[in-house]
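So this one's my_file_20.cif, mmCIF, C-alpha atoms:
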data_input
#
loop_
_atom_site.label_atom_id
_atom_site.label_comp_id
_atom_site.auth_asym_id
_atom_site.auth_seq_id
_atom_site.Cartn_x
_atom_site.Cartn_y
_atom_site.Cartn_z
CA MET A 1 0.00 0.00 0.00
CA CYS A 2 2.82 2.43 0.77
CA TRP A 3 4.67 1.71 -2.48
CA PRO A 4 2.20 3.54 -4.82
CA ALA A 5 2.06 6.56 -2.52
CA TRP A 6 5.85 6.75 -2.26
CA THR A 7 6.52 6.37 -6.00
CA GLY A 8 3.73 8.85 -6.85
CA SER A 9 5.32 11.45 -4.57
CA ALA A 10 8.75 10.82 -6.10
CA ARG A 11 7.36 11.33 -9.62
CA ALA A 12 5.69 14.60 -8.56
CA LEU A 13 9.10 15.95 -7.48
CA GLN A 14 11.00 14.91 -10.62
CA LEU A 15 13.15 17.68 -11.99
CA ASP A 16 12.81 18.88 -15.56
CA GLU A 17 15.65 18.64 -18.07
CA THR A 18 17.66 21.87 -18.13
CA PRO A 19 17.97 22.94 -21.80
CA THR A 20 21.21 24.31 -23.25
CA GLU A 21 20.77 28.09 -23.41
CA LEU A 22 22.55 31.43 -23.46
CA ARG A 23 21.24 33.61 -20.60
CA VAL A 24 22.42 37.19 -20.04
CA THR A 25 21.73 38.96 -16.74
CA LEU A 26 22.15 42.55 -15.53
CA SER A 27 22.16 42.54 -11.74
CA GLN A 28 22.94 44.80 -8.79
CA ASP A 29 24.11 44.08 -5.29
CA TYR A 30 21.51 45.22 -2.77
CA LEU A 31 23.20 44.41 0.54
CA HIS A 32 26.97 44.80 1.09
CA ALA A 33 28.02 46.64 -2.09
CA ARG A 34 24.88 48.60 -2.89
CA GLY A 35 24.76 49.69 -6.51
CA ALA A 36 27.59 47.46 -7.73
CA THR A 37 26.37 46.26 -11.14
CA LEU A 38 27.34 43.05 -12.93
CA LEU A 39 26.63 42.11 -16.55
CA ALA A 40 27.07 38.34 -16.92
CA ALA A 41 26.26 35.56 -19.36
CA ARG A 42 25.80 31.83 -18.72
CA TYR A 43 25.97 29.22 -21.44
CA GLY A 44 25.06 25.59 -20.89
CA GLY A 45 22.43 23.13 -19.81
CA ALA A 46 22.53 21.41 -16.43
CA TRP A 47 26.27 22.17 -16.35
CA GLY A 48 27.24 25.64 -17.53
CA VAL A 49 29.96 28.26 -17.65
CA ARG A 50 29.55 31.89 -16.69
CA LEU A 51 31.51 35.03 -17.53
CA GLY A 52 30.76 38.53 -16.31
CA ALA A 53 32.10 42.07 -16.14
CA TRP A 54 31.51 44.58 -13.37
CA VAL A 55 29.85 47.60 -14.99
CA SER A 56 29.95 49.68 -11.81
CA THR A 57 31.48 49.15 -8.37
CA ASP A 58 31.05 52.70 -7.05
CA ASP A 59 33.76 53.57 -4.51
CA MET A 60 34.99 50.01 -3.84
CA GLU A 61 38.78 49.56 -3.69
CA PRO A 62 40.24 47.51 -5.19
CA LYS A 63 37.69 47.38 -7.97
CA PRO A 64 36.78 43.94 -9.32
CA HIS A 65 36.62 43.72 -13.12
CA TRP A 66 35.76 40.13 -14.04
CA VAL A 67 33.97 37.09 -12.69
CA ALA A 68 34.07 33.60 -14.20
CA GLY A 69 32.56 30.38 -13.00
CA VAL A 70 31.07 26.96 -13.53
CA ASP A 71 27.83 25.70 -12.03
CA HIS A 72 25.15 23.04 -12.06
CA VAL A 73 21.51 24.09 -12.45
CA TRP A 74 18.41 22.11 -11.52
CA THR A 75 15.12 23.04 -13.20
CA LEU A 76 11.59 22.51 -11.89
CA GLY A 77 8.93 24.18 -14.03
CA LYS A 78 9.79 27.88 -14.25
CA TRP A 79 12.26 27.71 -11.33
CA ARG A 80 16.02 27.16 -11.64
CA ALA A 81 18.38 26.60 -8.69
CA GLY A 82 22.15 26.48 -9.11
CA LEU A 83 25.30 25.67 -7.19
CA GLY A 84 28.86 26.19 -8.39
CA ALA A 85 32.19 27.96 -8.03
CA ALA A 86 33.16 31.46 -9.14
CA TRP A 87 36.44 33.35 -9.47
CA ILE A 88 36.60 37.15 -9.08
CA ASP A 89 39.78 38.94 -10.17
CA GLN A 90 40.13 41.08 -7.01
CA LYS A 91 39.92 40.46 -3.27
CA THR A 92 37.61 43.09 -1.79
CA ASN A 93 35.98 43.79 1.56
CA VAL A 94 32.88 42.05 0.12
CA ASN A 95 34.34 38.72 -1.03
CA GLY A 96 37.69 38.46 0.84
CA THR A 97 39.07 35.72 -1.47
CA LEU A 98 39.33 35.16 -5.22
CA TRP A 99 37.51 31.77 -5.22
CA LEU A 100 33.89 31.76 -4.10
CA PHE A 101 30.82 29.55 -3.88
CA ASP A 102 28.08 30.51 -6.36
CA VAL A 103 24.46 29.90 -5.34
CA SER A 104 21.56 31.03 -7.51
CA LEU A 105 17.78 30.96 -7.79
CA ALA A 106 15.92 32.15 -10.90
CA TYR A 107 12.32 32.32 -12.09
CA ASP A 108 11.31 32.44 -15.76
CA VAL A 109 8.71 35.22 -16.00
CA THR A 110 8.24 34.45 -19.71
CA ARG A 111 10.06 32.20 -22.16
CA ARG A 112 12.61 35.01 -22.77
CA VAL A 113 12.65 37.07 -19.53
CA PHE A 114 13.70 35.89 -16.08
CA ILE A 115 14.60 37.28 -12.67
CA GLU A 116 17.55 35.93 -10.72
CA TYR A 117 19.11 36.06 -7.27
CA ARG A 118 22.78 35.10 -7.07
CA HIS A 119 25.08 34.91 -4.02
CA HIS A 120 28.89 34.75 -4.26
CA SER A 121 30.64 33.96 -0.98
CA HIS A 122 33.72 32.05 0.17
CA GLY A 123 31.83 30.34 2.98
CA SER A 124 33.26 31.81 6.18
CA LYS A 125 30.00 30.92 7.96
CA LEU A 126 30.79 27.29 7.04
CA GLY A 127 34.18 27.63 8.74
CA ILE A 128 36.20 28.22 5.54
CA GLU A 129 38.80 30.95 6.21
CA PRO A 130 36.70 32.45 9.04
CA GLY A 131 39.19 35.29 9.63
CA VAL A 132 38.77 36.73 6.10
CA GLN A 133 36.25 39.49 5.36
CA ASN A 134 33.18 37.94 3.70
CA GLY A 135 29.90 39.78 3.43
CA GLY A 136 29.37 38.14 0.06
CA TRP A 137 27.82 39.50 -3.11
CA ASN A 138 24.01 39.48 -3.11
CA LEU A 139 22.95 40.16 -6.67
CA LEU A 140 19.36 40.65 -7.85
CA GLY A 141 18.85 40.96 -11.57
CA VAL A 142 16.78 40.71 -14.71
CA GLY A 143 17.85 38.61 -17.65
CA ILE A 144 17.14 37.58 -21.21
CA ASN A 145 17.17 34.02 -22.52
CA PHE A 146 18.54 33.84 -26.09
CA ASN A 147 17.39 30.25 -26.67
#

Would you kindly transcribe this structure into structure tokens?
Amino acid sequence: MCWPAWTGSARALQLDETPTELRVTLSQDYLHARGATLLAARYGGAWGVRLGAWVSTDDMEPKPHWVAGVDHVWTLGKWRAGLGAAWIDQKTNVNGTLWLFDVSLAYDVTRRVFIEYRHHSHGSKLGIEPGVQNGGWNLLGVGINFN
């Protein structure tokens, strides 16, 4: 009796296939580096690569210029959640190290337009280099899917 209920629940939670796409996002930090703006593109399916340029970092010193990374994305309907690693070309008071975790959550508003939250952090709250400054980047943005 339990078997049908258990397998039915498992099927209801099955993830969708993540299609191979080019997604471009313009996002701003809203917490630790207010106004810092990043223009980034991700290409791939479940596994993807990401490259971005900081458009504006206001009065931050040193100023980061580039971010690159790799991640894995899981898709469920219009939602996409990702986990990966990112490299930023400068250590700042926001990230503290060059290598960071990359966590994201996105929602497809339409087939072409999406909103995205992305967090870059080196994980000091997990005990990784706890003595290094790490507020983390908290980026909220709007993007276009070129698929």

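Put simply, the PyMOL selection byres ((chain A and resi 68-72) around 8) on this file hits Ala46, Trp47, Gly48, Val49, Arg50, Leu51, Gly52, Trp66, Val67, Val73, Trp74, Gly82, Leu83, Gly84, Ala85, Ala86, Trp87, Ile88 and Asp102 of chain A.
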
| So which residues touch A:Leu39 within 8 Å, counting all atoms listed in the file, skipping near sequence neighbours fewer than 6 positions away, as a ChimeraX atom specification? | /A:24-27,52-55

ask   = Expanded to explicit residues, what is the PyMOL selection byres ((chain A and resi 119-121) around 6) for this file, as a PyMOL selection string?
value = chain A and resi 100-103+118+122-123+136-138

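The interatomic distance for the pair atom CA of A:Gly96 and atom CA of A:Ala41 works out to 23.4 Å.
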
Would you pick out the contacts of A:Tyr107 at 12 Å or less, using only C-alpha atoms, so that residues sharing its chain but fewer than 2 positions from it are not included, and give the list as an MDAnalysis selection string? chainID A and resid 74:82 104:105 109:118 140:145

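Reported to one decimal place, the separation of atom CA of A:Gln90 from atom CA of A:Pro64 is 5.0 Å.
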
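For the pair atom CA of A:Thr92 and atom CA of A:Tyr43, the interatomic distance is 26.7 Å.
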
Near A:Lys63, counting only C-alpha atoms, which residues have an atom at most 9 Å away, once you skip same-chain residues fewer than 2 positions from it, shown as a PDB file with C-alpha atoms, in the coordinates of the input?
ATOM      1  CA  TRP A  54      31.510  44.580 -13.370  1.00  0.00           C
ATOM      2  CA  SER A  56      29.950  49.680 -11.810  1.00  0.00           C
ATOM      3  CA  THR A  57      31.480  49.150  -8.370  1.00  0.00           C
ATOM      4  CA  ASP A  58      31.050  52.700  -7.050  1.00  0.00           C
ATOM      5  CA  ASP A  59      33.760  53.570  -4.510  1.00  0.00           C
ATOM      6  CA  MET A  60      34.990  50.010  -3.840  1.00  0.00           C
ATOM      7  CA  GLU A  61      38.780  49.560  -3.690  1.00  0.00           C
ATOM      8  CA  HIS A  65      36.620  43.720 -13.120  1.00  0.00           C
ATOM      9  CA  ASP A  89      39.780  38.940 -10.170  1.00  0.00           C
ATOM     10  CA  GLN A  90      40.130  41.080  -7.010  1.00  0.00           C
ATOM     11  CA  LYS A  91      39.920  40.460  -3.270  1.00  0.00           C
ATOM     12  CA  THR A  92      37.610  43.090  -1.790  1.00  0.00           C
TER      13      THR A  92
END

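Distance annotation: of A:Pro62, A:Asn147, A:Leu139, A:Thr37, the residue with the minimal separation from A:Leu22 is A:Asn147; atom set is all atoms listed in the file.
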
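Distance check against A:Asp16 using all atoms listed in the file: of A:Ala106, A:Gly35, A:Gly45, A:Asn95, the minimum falls on A:Gly45.
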